[in-house]
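Notes follow once the structure below has been shown.
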Amino acid sequence: MSTLLQPYNEKMMEVLLYIQRNLDADLSPETLAGVACFSVTHFHRIFKGMVGESLKEHVRRLRLEKAAYKLSYTDASVMEIALDARFESAETFSRAFKKRFSVPPSEFRSRSREILNLQGTGKIHYRPKPSRNDFRLDDSPLSCEVQVRRRNETKVAFIRHIGSYFEVESAWSRLCTWGGSKNLLTAETEFIGICYDDPDVTPSGKIRYDACLSIIEETETTPEIRIQTIPGGSYAVTTHLGPYEKLVDTYRELYGKWLPAYGYSLNDSIASFEKYIKTPAEVGPEDLVTEIWMGLC
């Protein structure tokens with residue numbers, strides 16, 4: 001194992017052990033990020049990249065696997081097991097359980113010896129007495145190329161969008177219309193999207209995104225369009241080719257594979273951003289070119 005990768009693996013192993021030992025507790029992202037000594041801001045992406053599934057998916061699946069174990073080897077009622085698994089009702093638990101194991105809890109209990117099979121989604125499964133030997137992190141090879149670059153601070157005009165990352169077209173249309181009226185759209189203009197929130201964590205209606213145009217000089221703005229400065233410094237940069245729907249896979253590579261392997265520290269004061277090189281106005285989805293910039297200390 002790389003000596004740079006080892007500290008990240010050690011921290012993630014501590015998190016995985018903590019989760020397994022406390023599945024009946026409130027496993028808040030803040031608590032688990034603290035166990036790993038990571039900031040909450042970046043913890044989710046690091047976790048998903050290293051483990052192979054989101055924190056929410058991981059915890060929910062293990063709670064269902066623990067419930068399956070209890071159904072097989074204890075006499076606890078379905079309601080008791082549902083509450084221990086942090087479900088609000090037996091009905092909600094039964095629906096989630098059936099989706100995972102294809103049968104409702106009561107039938108599972110009677111047939112558990114025949115159908116209990118935990119080899120499905122995810123590489124890490126519930127164990128009554130977990131140890132590090134039970135855990136296998138996602139060790140598939142890094143597929144994206146990453147460069148560490150320095151950039152100067154960049155002044156931008158922006159519109160804040162609240163909502164899904166896939167609903168930002170209107171913000172961009174209004175911003176570019178304004179920019180065009182101010183003669184700000186030149187060959188040197190950078191089109192940047194600042195992504196503040198992880199869609200695996202933040203509800204779609206609360207995601208924050210700034211559609212930005214780089215500017216060189218002060219310019220008159222409007223109540224909707226404001227000015228901010230993207231900090232200069234060191235950034236890890238990778239290029240995503242293709243549809244925006246698959247950007248999440250590139251983020252996972254950058255945060256969960258490249259970052260642990262190369263031993264850099266994230267700059268928590270800088271939100272990651274996307275620089276749009278080829279946009280939907282120019283090319284089709286398969287030919288889009290997007291750079292992802294991740295701030296480093």
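We label chains A, B, ... in the order they appear in the structure tokens, count residues from 1 in each chain, and number ligands from 1 in the order shown.
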For this session: Using DSSP on the backbone, list every residue of stretch 102-240 of chain A that comes out as strand (DSSP E), and give them as JSON, numbers by chain.
Result: {"A": [146, 147, 148, 149, 150, 151, 154, 155, 156, 157, 158, 159, 160, 161, 162, 191, 192, 193, 194, 195, 208, 209, 210, 211, 212, 213, 214, 226, 227, 228, 229, 230, 233, 234, 235, 236, 237, 238, 239, 240]}
For the selection you just gave me, I'd like the residues written to a file as an mmCIF file, in the first residue's frame, keeping C-alpha atoms.
```
data_model
loop_
_atom_site.group_PDB
_atom_site.id
_atom_site.type_symbol
_atom_site.label_atom_id
_atom_site.label_comp_id
_atom_site.auth_asym_id
_atom_site.auth_seq_id
_atom_site.Cartn_x
_atom_site.Cartn_y
_atom_site.Cartn_z
ATOM 1 C CA VAL A 146 -5.367 14.799 -12.617
ATOM 2 C CA GLN A 147 -3.025 17.776 -12.607
ATOM 3 C CA VAL A 148 -2.162 20.109 -9.746
ATOM 4 C CA ARG A 149 -2.336 23.672 -11.032
ATOM 5 C CA ARG A 150 -2.042 27.134 -9.546
ATOM 6 C CA ARG A 151 -4.402 29.891 -10.579
ATOM 7 C CA THR A 154 -10.709 35.351 -10.419
ATOM 8 C CA LYS A 155 -13.391 38.005 -10.184
ATOM 9 C CA VAL A 156 -16.754 36.790 -11.488
ATOM 10 C CA ALA A 157 -20.269 38.052 -11.999
ATOM 11 C CA PHE A 158 -22.771 35.422 -10.892
ATOM 12 C CA ILE A 159 -26.366 34.400 -10.401
ATOM 13 C CA ARG A 160 -27.207 32.111 -7.466
ATOM 14 C CA HIS A 161 -29.403 29.130 -8.347
ATOM 15 C CA ILE A 162 -31.198 27.135 -5.641
ATOM 16 C CA PHE A 191 -17.772 30.067 -17.755
ATOM 17 C CA ILE A 192 -17.679 28.649 -14.238
ATOM 18 C CA GLY A 193 -20.169 26.839 -12.030
ATOM 19 C CA ILE A 194 -19.490 26.872 -8.280
ATOM 20 C CA CYS A 195 -20.972 23.750 -6.702
ATOM 21 C CA ARG A 208 -26.710 25.974 -4.070
ATOM 22 C CA TYR A 209 -25.008 26.698 -7.383
ATOM 23 C CA ASP A 210 -23.480 29.896 -8.742
ATOM 24 C CA ALA A 211 -23.440 30.400 -12.520
ATOM 25 C CA CYS A 212 -20.418 32.661 -13.104
ATOM 26 C CA LEU A 213 -18.779 34.722 -15.850
ATOM 27 C CA SER A 214 -15.222 35.903 -15.304
ATOM 28 C CA ARG A 226 -23.629 40.068 -8.003
ATOM 29 C CA ILE A 227 -19.808 40.017 -7.922
ATOM 30 C CA GLN A 228 -17.538 37.629 -6.018
ATOM 31 C CA THR A 229 -13.931 36.473 -6.134
ATOM 32 C CA ILE A 230 -12.857 32.853 -6.592
ATOM 33 C CA GLY A 233 -4.052 28.984 -5.050
ATOM 34 C CA SER A 234 -3.428 25.311 -5.757
ATOM 35 C CA TYR A 235 -6.124 23.153 -7.314
ATOM 36 C CA ALA A 236 -6.429 19.542 -8.397
ATOM 37 C CA VAL A 237 -7.890 19.624 -11.910
ATOM 38 C CA THR A 238 -9.367 16.823 -13.978
ATOM 39 C CA THR A 239 -11.324 16.890 -17.230
ATOM 40 C CA HIS A 240 -14.714 15.251 -17.603
#
```
For this session: From a DSSP calculation on the backbone, collect every residue of stretch 7-204 of chain A in alpha helix (DSSP H) and output the set as a PyMOL selection string.
Result: chain A and resi 7-21+29-36+40-51+55-73+78-84+90-101+105-115+169-181
Output file for the residues above (C-alpha atoms, as a JSON list (two decimals), in the first residue's frame):
```json
[["chain", "number", "residue", "atom", "x", "y", "z"],
["A", 7, "PRO", "CA", -3.55, 7.42, 6.36],
["A", 8, "TYR", "CA", -6.79, 7.76, 4.39],
["A", 9, "ASN", "CA", -7.39, 4.01, 4.55],
["A", 10, "GLU", "CA", -6.76, 4.00, 8.32],
["A", 11, "LYS", "CA", -9.23, 6.82, 8.85],
["A", 12, "MET", "CA", -11.86, 5.17, 6.67],
["A", 13, "MET", "CA", -11.43, 1.86, 8.50],
["A", 14, "GLU", "CA", -12.15, 3.67, 11.78],
["A", 15, "VAL", "CA", -15.32, 5.11, 10.26],
["A", 16, "LEU", "CA", -16.47, 1.71, 8.98],
["A", 17, "LEU", "CA", -15.86, 0.09, 12.36],
["A", 18, "TYR", "CA", -17.72, 2.91, 14.10],
["A", 19, "ILE", "CA", -20.71, 2.51, 11.78],
["A", 20, "GLN", "CA", -20.88, -1.26, 12.27],
["A", 21, "ARG", "CA", -20.68, -0.91, 16.05],
["A", 29, "PRO", "CA", -22.41, 13.00, 9.00],
["A", 30, "GLU", "CA", -20.88, 15.38, 11.53],
["A", 31, "THR", "CA", -20.11, 12.52, 13.92],
["A", 32, "LEU", "CA", -18.61, 10.28, 11.26],
["A", 33, "ALA", "CA", -16.59, 13.07, 9.68],
["A", 34, "GLY", "CA", -15.20, 13.73, 13.15],
["A", 35, "VAL", "CA", -14.21, 10.08, 13.53],
["A", 36, "ALA", "CA", -12.30, 10.35, 10.24],
["A", 40, "VAL", "CA", -18.11, 17.49, 6.74],
["A", 41, "THR", "CA", -17.92, 19.50, 3.50],
["A", 42, "HIS", "CA", -15.83, 16.87, 1.72],
["A", 43, "PHE", "CA", -16.44, 13.74, 3.81],
["A", 44, "HIS", "CA", -19.34, 12.41, 1.72],
["A", 45, "ARG", "CA", -17.44, 12.46, -1.55],
["A", 46, "ILE", "CA", -14.34, 10.89, 0.00],
["A", 47, "PHE", "CA", -16.50, 8.18, 1.58],
["A", 48, "LYS", "CA", -18.35, 7.40, -1.65],
["A", 49, "GLY", "CA", -15.14, 7.30, -3.64],
["A", 50, "MET", "CA", -13.36, 4.96, -1.25],
["A", 51, "VAL", "CA", -16.26, 2.70, -0.22],
["A", 55, "LEU", "CA", -22.83, 7.16, 3.25],
["A", 56, "LYS", "CA", -26.64, 7.17, 3.34],
["A", 57, "GLU", "CA", -26.88, 4.07, 1.14],
["A", 58, "HIS", "CA", -24.19, 2.29, 3.16],
["A", 59, "VAL", "CA", -25.78, 2.89, 6.56],
["A", 60, "ARG", "CA", -29.27, 2.04, 5.36],
["A", 61, "ARG", "CA", -28.10, -1.20, 3.74],
["A", 62, "LEU", "CA", -26.17, -2.32, 6.82],
["A", 63, "ARG", "CA", -29.13, -1.59, 9.05],
["A", 64, "LEU", "CA", -31.27, -3.79, 6.83],
["A", 65, "GLU", "CA", -28.62, -6.53, 6.89],
["A", 66, "LYS", "CA", -28.48, -6.32, 10.69],
["A", 67, "ALA", "CA", -32.27, -6.60, 10.71],
["A", 68, "ALA", "CA", -32.02, -9.70, 8.51],
["A", 69, "TYR", "CA", -29.55, -11.19, 10.98],
["A", 70, "LYS", "CA", -31.94, -10.52, 13.88],
["A", 71, "LEU", "CA", -34.85, -12.02, 11.99],
["A", 72, "SER", "CA", -32.82, -15.15, 11.38],
["A", 73, "TYR", "CA", -31.23, -15.62, 14.79],
["A", 78, "VAL", "CA", -40.60, -7.11, 13.48],
["A", 79, "MET", "CA", -41.58, -3.83, 15.17],
["A", 80, "GLU", "CA", -38.66, -4.04, 17.60],
["A", 81, "ILE", "CA", -36.25, -4.79, 14.78],
["A", 82, "ALA", "CA", -37.67, -1.95, 12.68],
["A", 83, "LEU", "CA", -37.17, 0.58, 15.48],
["A", 84, "ASP", "CA", -33.64, -0.70, 16.17],
["A", 90, "ALA", "CA", -43.00, -1.30, 10.68],
["A", 91, "GLU", "CA", -44.62, -0.44, 7.33],
["A", 92, "THR", "CA", -41.70, 1.71, 6.16],
["A", 93, "PHE", "CA", -39.27, -0.95, 7.35],
["A", 94, "SER", "CA", -41.17, -3.73, 5.56],
["A", 95, "ARG", "CA", -41.13, -1.85, 2.25],
["A", 96, "ALA", "CA", -37.39, -1.17, 2.48],
["A", 97, "PHE", "CA", -36.68, -4.73, 3.59],
["A", 98, "LYS", "CA", -38.67, -6.26, 0.74],
["A", 99, "LYS", "CA", -36.87, -4.05, -1.75],
["A", 100, "ARG", "CA", -33.51, -5.29, -0.43],
["A", 101, "PHE", "CA", -34.30, -8.99, 0.08],
["A", 105, "PRO", "CA", -39.65, -9.58, 6.94],
["A", 106, "SER", "CA", -42.09, -12.21, 8.17],
["A", 107, "GLU", "CA", -41.47, -14.45, 5.16],
["A", 108, "PHE", "CA", -37.75, -13.85, 5.39],
["A", 109, "ARG", "CA", -37.77, -15.08, 8.98],
["A", 110, "SER", "CA", -39.39, -18.35, 7.97],
["A", 111, "ARG", "CA", -37.13, -18.86, 4.94],
["A", 112, "SER", "CA", -33.94, -17.16, 6.06],
["A", 113, "ARG", "CA", -31.74, -20.23, 5.88],
["A", 114, "GLU", "CA", -32.61, -20.55, 2.20],
["A", 115, "ILE", "CA", -32.46, -16.96, 1.01],
["A", 169, "GLU", "CA", -30.24, 26.58, -17.65],
["A", 170, "SER", "CA", -32.44, 29.55, -16.74],
["A", 171, "ALA", "CA", -29.74, 31.08, -14.51],
["A", 172, "TRP", "CA", -27.18, 30.71, -17.29],
["A", 173, "SER", "CA", -29.55, 32.20, -19.88],
["A", 174, "ARG", "CA", -30.20, 35.29, -17.74],
["A", 175, "LEU", "CA", -26.50, 35.69, -16.90],
["A", 176, "CYS", "CA", -25.32, 35.38, -20.51],
["A", 177, "THR", "CA", -28.02, 37.76, -21.74],
["A", 178, "TRP", "CA", -26.81, 40.33, -19.21],
["A", 179, "GLY", "CA", -23.15, 39.61, -20.03],
["A", 180, "GLY", "CA", -23.81, 40.03, -23.73],
["A", 181, "SER", "CA", -25.45, 43.43, -23.13]]
```
Write out as JSON lines the residues of stretch 164-254 of chain A that have any atom within 10 Å of an atom of stretch 136-143 of chain A, one row each with the nearest atom pair and its distance in Å to one decimal, counting only C-alpha atoms, sorted by chain and then rising number.
```
{"residue": "A:Thr250", "atom": "CA", "partner": "A:Ser143", "partner_atom": "CA", "distance": 8.8}
{"residue": "A:Glu253", "atom": "CA", "partner": "A:Leu142", "partner_atom": "CA", "distance": 6.5}
{"residue": "A:Leu254", "atom": "CA", "partner": "A:Leu142", "partner_atom": "CA", "distance": 8.6}
```
Problem set entry | Selection: 8 Å around stretch 284-294 of chain A, only C-alpha atoms, excl. self and same-chain fewer than 4 positions, as a ChimeraX atom specification | /A:235-244,251,266,270-280
Selection export as a PDB file, in the first residue's frame, atoms kept: N, CA and C atoms:
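Saved result, selection_2.pdb, follows:
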```pdb
ATOM      1  N   TYR A 235      -4.914  23.925  -7.045  1.00  0.00           N
ATOM      2  CA  TYR A 235      -6.124  23.153  -7.314  1.00  0.00           C
ATOM      3  C   TYR A 235      -5.738  21.826  -7.970  1.00  0.00           C
ATOM      4  N   ALA A 236      -6.481  20.787  -7.630  1.00  0.00           N
ATOM      5  CA  ALA A 236      -6.429  19.542  -8.397  1.00  0.00           C
ATOM      6  C   ALA A 236      -7.454  19.686  -9.522  1.00  0.00           C
ATOM      7  N   VAL A 237      -7.032  19.395 -10.749  1.00  0.00           N
ATOM      8  CA  VAL A 237      -7.890  19.624 -11.910  1.00  0.00           C
ATOM      9  C   VAL A 237      -7.969  18.354 -12.746  1.00  0.00           C
ATOM     10  N   THR A 238      -9.174  17.944 -13.064  1.00  0.00           N
ATOM     11  CA  THR A 238      -9.367  16.823 -13.978  1.00  0.00           C
ATOM     12  C   THR A 238     -10.422  17.209 -15.006  1.00  0.00           C
ATOM     13  N   THR A 239     -10.404  16.558 -16.140  1.00  0.00           N
ATOM     14  CA  THR A 239     -11.324  16.890 -17.230  1.00  0.00           C
ATOM     15  C   THR A 239     -12.355  15.784 -17.401  1.00  0.00           C
ATOM     16  N   HIS A 240     -13.605  16.176 -17.376  1.00  0.00           N
ATOM     17  CA  HIS A 240     -14.714  15.251 -17.603  1.00  0.00           C
ATOM     18  C   HIS A 240     -15.196  15.399 -19.040  1.00  0.00           C
ATOM     19  N   LEU A 241     -15.273  14.291 -19.747  1.00  0.00           N
ATOM     20  CA  LEU A 241     -15.739  14.283 -21.131  1.00  0.00           C
ATOM     21  C   LEU A 241     -17.108  13.623 -21.201  1.00  0.00           C
ATOM     22  N   GLY A 242     -18.087  14.341 -21.723  1.00  0.00           N
ATOM     23  CA  GLY A 242     -19.396  13.731 -21.888  1.00  0.00           C
ATOM     24  C   GLY A 242     -20.479  14.403 -21.066  1.00  0.00           C
ATOM     25  N   PRO A 243     -21.633  13.722 -20.902  1.00  0.00           N
ATOM     26  CA  PRO A 243     -22.829  14.326 -20.300  1.00  0.00           C
ATOM     27  C   PRO A 243     -22.611  14.765 -18.857  1.00  0.00           C
ATOM     28  N   TYR A 244     -23.329  15.804 -18.471  1.00  0.00           N
ATOM     29  CA  TYR A 244     -23.266  16.283 -17.094  1.00  0.00           C
ATOM     30  C   TYR A 244     -23.809  15.239 -16.110  1.00  0.00           C
ATOM     31  N   TYR A 251     -16.313  13.097 -10.073  1.00  0.00           N
ATOM     32  CA  TYR A 251     -16.122  13.608  -8.709  1.00  0.00           C
ATOM     33  C   TYR A 251     -15.697  12.477  -7.773  1.00  0.00           C
ATOM     34  N   LEU A 266      -7.419  18.889   1.442  1.00  0.00           N
ATOM     35  CA  LEU A 266      -8.403  19.776   0.836  1.00  0.00           C
ATOM     36  C   LEU A 266      -8.424  21.131   1.531  1.00  0.00           C
ATOM     37  N   ILE A 270     -12.590  26.668   0.187  1.00  0.00           N
ATOM     38  CA  ILE A 270     -12.830  26.859  -1.244  1.00  0.00           C
ATOM     39  C   ILE A 270     -13.794  25.789  -1.749  1.00  0.00           C
ATOM     40  N   ALA A 271     -14.930  26.214  -2.292  1.00  0.00           N
ATOM     41  CA  ALA A 271     -15.859  25.254  -2.892  1.00  0.00           C
ATOM     42  C   ALA A 271     -15.294  24.777  -4.227  1.00  0.00           C
ATOM     43  N   SER A 272     -15.515  23.513  -4.541  1.00  0.00           N
ATOM     44  CA  SER A 272     -15.087  23.026  -5.849  1.00  0.00           C
ATOM     45  C   SER A 272     -15.904  23.724  -6.930  1.00  0.00           C
ATOM     46  N   PHE A 273     -15.321  23.840  -8.104  1.00  0.00           N
ATOM     47  CA  PHE A 273     -16.078  24.464  -9.186  1.00  0.00           C
ATOM     48  C   PHE A 273     -15.796  23.759 -10.504  1.00  0.00           C
ATOM     49  N   GLU A 274     -16.692  24.003 -11.447  1.00  0.00           N
ATOM     50  CA  GLU A 274     -16.590  23.429 -12.784  1.00  0.00           C
ATOM     51  C   GLU A 274     -16.331  24.548 -13.788  1.00  0.00           C
ATOM     52  N   LYS A 275     -15.411  24.312 -14.699  1.00  0.00           N
ATOM     53  CA  LYS A 275     -15.136  25.261 -15.774  1.00  0.00           C
ATOM     54  C   LYS A 275     -15.585  24.609 -17.075  1.00  0.00           C
ATOM     55  N   TYR A 276     -16.502  25.256 -17.765  1.00  0.00           N
ATOM     56  CA  TYR A 276     -17.136  24.671 -18.938  1.00  0.00           C
ATOM     57  C   TYR A 276     -16.354  25.062 -20.192  1.00  0.00           C
ATOM     58  N   ILE A 277     -15.687  24.075 -20.781  1.00  0.00           N
ATOM     59  CA  ILE A 277     -14.831  24.305 -21.947  1.00  0.00           C
ATOM     60  C   ILE A 277     -15.648  24.198 -23.232  1.00  0.00           C
ATOM     61  N   LYS A 278     -16.420  23.128 -23.380  1.00  0.00           N
ATOM     62  CA  LYS A 278     -17.370  22.981 -24.480  1.00  0.00           C
ATOM     63  C   LYS A 278     -18.751  22.800 -23.857  1.00  0.00           C
ATOM     64  N   THR A 279     -19.678  23.653 -24.231  1.00  0.00           N
ATOM     65  CA  THR A 279     -20.969  23.738 -23.562  1.00  0.00           C
ATOM     66  C   THR A 279     -22.099  23.208 -24.441  1.00  0.00           C
ATOM     67  N   PRO A 280     -23.303  23.014 -23.855  1.00  0.00           N
ATOM     68  CA  PRO A 280     -24.440  22.548 -24.659  1.00  0.00           C
ATOM     69  C   PRO A 280     -24.812  23.481 -25.803  1.00  0.00           C
TER      70      PRO A 280
END
```
Exercise. Looking at only C-alpha atoms, which of A:Cys144, A:Glu88, A:Leu259, A:Leu184 is the one that sits closest to A:Glu220?
Worked result: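 Checking each candidate against A:Glu220, we get A:Leu184 as the closest.
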Problem set entry | Contacts of A:Asn267 within 8 Å, only C-alpha atoms, excl. fewer than 4 positions in-chain, as a list in words |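 Listing them by chain and then by number gives Gly295, Leu296 and Cys297 of chain A.
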Exercise. Could you state the separation of atom CA of A:Thr189 and atom CA of A:Asn152 in Å, given to one decimal place?
Worked result: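 We find that atom CA of A:Thr189 and atom CA of A:Asn152 lie 14.6 Å from each other.
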